[in-house]
Structure formats: structure tokens, C-alpha cells
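Please read the structure below before turning to the comments.
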Amino acid sequence: MQTFELKDHLSHAWTNELVSFPLEVSAKVGRLRVRDDKGRLIPSQISAGPGNRRRVHFIVDELAPLGRRSYTLEETSDPMPAIANPPACSMDGNTTLLGNGLITVRAPTSSSAVAQFPAPVLAVRRGQGPWIGEGRLMLSDFLKPKSVECTLLEQGPLWLTSQLRYICERGDRYTEQFRVYADRPF
């Protein structure tokens, strides 16, 4: 369907690099898979890029100095290969947990009426360790909190993206996005 060619011009050894290419086919996204030059299916994710142009993303396990690698996109019913420490989103009381087993961020959930905005990052933990940190959000006095909206924008095998939107009574908005990658401690 589509071929992706990589070549190193810097004489550098690359490992576990996230790469992306424009998606030029119009097949059913849920059945598209990337196969490496050794014939193995590898985890991939398709997302909307600038101007809603779709892109395919995947991890290059290794690229030797001045080396070449070739990948192909194909339509198949084969399952997506599993990836270590996949990103996940879950609820824990009145907070949202965004993590991958190596790192987890505790963030606020949606609330239709708030007297004070919660911090965008309430706490962080590595692995199963203790929660650390205590965030807070400071606003100008004229900004009166109205609501908080937490939305999961994208979830796939390589990453998830969550959006937190603070809405003030006058209509002012503050928006931030979190992205948690699979198998990365950041």
C-alpha cells in the first residue's frame, strides 16, 4: 500500500526512535499495520496531523550509522502487536490517572461547577512508588472559575493524549494537553 524509507546521513546509531510519515492511502484505519524490513508487524498509530492530514507513527528499533531501513503499510486483519507498558487512562475517585506503568500523572476530572480550579498536575509517581508533588493553579483575580473539562483526545498503542480545559465565567479559557507514551518514563 505504502512504503517508508529511512536512511541515516549523520553516521549515528539510532535506537527506539518514534518516526512519522504522511498517510497517503484511504483504507480503513483500524486494519492498517506497519511491517518492518524483517517481515515483522510492529506497533503503529495513526493520528491527525496539521490540517487534519493523517500520519502514521511507529518506533524504529534500530538504524545503523549510514544504514537504511524500509517499512511497509498494509491492510490486514492481523492484530496489532503488543507493546511493553502501553499508555492507559483510568479514573481514581475524582481524579484522572494517565500513565504507562513507568510513570503516572494524576490530573483533575471534568466538573461542571467549581469554586476554585484544581492544578493541571495534582501529583506524579514513577512505577508503583509514592505520589509526589502538589500542584496549584494561580489565576488573576478577575478570572472567576466556572468549569473544568477533561477529554481523552487520542488513545493508541504508542501514546494517549488528554486535554484539560479550564473555563471562566466571562468565557476566558485555558487549555493544556498531556501526552503519555508507551514504555517511556516521561
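Each chain in the C-alpha cells gets a letter, A, B and so on, in the order shown; residues start at 1 in every chain, and ligands are counted from 1 in the order they appear.
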
Write out as a list in words which residues come within 9 Å of A:Pro81 when counting only C-alpha atoms, dropping same-chain ones fewer than 5 positions away.
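The neighbour list is Leu41, Ile42, Pro43, Ser44 and Pro157 of chain A.
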
Near-A:Ala107 list (10 Å; only C-alpha atoms; drop same-chain fewer than 5 positions) as a list in words:
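Within the cut-off, the hits are Met91, Asp92, Asn94, Thr95, Thr96, Leu97, Leu98, Pro118, Ala119, Pro120, Val121, Leu122, Ala123, Val124, Gly135, Cys150, Ser162, Leu164 and Phe178 of chain A.
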
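With only C-alpha atoms as the atoms that count, the minimum distance from A:His9 to the choices A:Gly30, A:Pro65, A:Gly127, A:Pro79 is reached by A:Pro65.
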
Neighbour list for stretch 48-54 of chain A as number ranges by chain, cut-off 9 Å, only C-alpha atoms, skip fewer than 5 positions in-chain
A: 21-24

Put those residues in a file: all heavy atoms, as an mmCIF file, in the first residue's frame.
```
data_model
loop_
_atom_site.group_PDB
_atom_site.id
_atom_site.type_symbol
_atom_site.label_atom_id
_atom_site.label_comp_id
_atom_site.auth_asym_id
_atom_site.auth_seq_id
_atom_site.Cartn_x
_atom_site.Cartn_y
_atom_site.Cartn_z
ATOM 1 N N PHE A 21 5.195 9.514 9.165
ATOM 2 C CA PHE A 21 5.135 9.786 7.734
ATOM 3 C C PHE A 21 3.712 10.157 7.371
ATOM 4 O O PHE A 21 2.754 9.671 7.996
ATOM 5 C CB PHE A 21 5.536 8.540 6.924
ATOM 6 C CG PHE A 21 6.972 8.168 7.044
ATOM 7 C CD1 PHE A 21 7.399 7.305 8.037
ATOM 8 C CD2 PHE A 21 7.906 8.684 6.160
ATOM 9 C CE1 PHE A 21 8.730 6.957 8.152
ATOM 10 C CE2 PHE A 21 9.240 8.338 6.268
ATOM 11 C CZ PHE A 21 9.654 7.474 7.263
ATOM 12 N N PRO A 22 3.521 10.995 6.344
ATOM 13 C CA PRO A 22 2.163 11.284 5.868
ATOM 14 C C PRO A 22 1.502 9.994 5.374
ATOM 15 O O PRO A 22 2.150 9.158 4.751
ATOM 16 C CB PRO A 22 2.375 12.260 4.712
ATOM 17 C CG PRO A 22 3.768 12.771 4.873
ATOM 18 C CD PRO A 22 4.538 11.719 5.590
ATOM 19 N N LEU A 23 0.246 9.843 5.687
ATOM 20 C CA LEU A 23 -0.523 8.683 5.249
ATOM 21 C C LEU A 23 -1.165 9.031 3.918
ATOM 22 O O LEU A 23 -1.950 9.971 3.826
ATOM 23 C CB LEU A 23 -1.577 8.340 6.295
ATOM 24 C CG LEU A 23 -2.362 7.064 6.100
ATOM 25 C CD1 LEU A 23 -1.436 5.864 6.100
ATOM 26 C CD2 LEU A 23 -3.396 6.924 7.202
ATOM 27 N N GLU A 24 -0.816 8.292 2.894
ATOM 28 C CA GLU A 24 -1.278 8.607 1.545
ATOM 29 C C GLU A 24 -2.345 7.659 1.031
ATOM 30 O O GLU A 24 -2.744 7.748 -0.120
ATOM 31 C CB GLU A 24 -0.082 8.616 0.589
ATOM 32 C CG GLU A 24 0.921 9.690 0.951
ATOM 33 C CD GLU A 24 2.218 9.590 0.172
ATOM 34 O OE1 GLU A 24 2.372 8.650 -0.632
ATOM 35 O OE2 GLU A 24 3.081 10.451 0.381
#
```

Which one of A:Arg126, A:Arg170, A:Arg40, A:Lys7 sits closest to A:Lys146 if you count only C-alpha atoms?
A:Arg170

Strand (DSSP E or B) per DSSP on the backbone: members of chain A, as a PyMOL selection string:
chain A and resi 2-7+14-22+32-35+41-42+44-48+54-63+68-75+88-92+95-99+103-108+111+123-126+132+145-155+159-168+173-181

Shortest interatomic distance to A:Leu66 - which of A:Ile103, A:Ile83, A:Leu10, A:Asp36, counting only C-alpha atoms:
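The answer is A:Leu10, which sits nearest to A:Leu66.
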
d(atom CA of A:Met80, atom CA of A:Ala64) in Å
25.7 Å
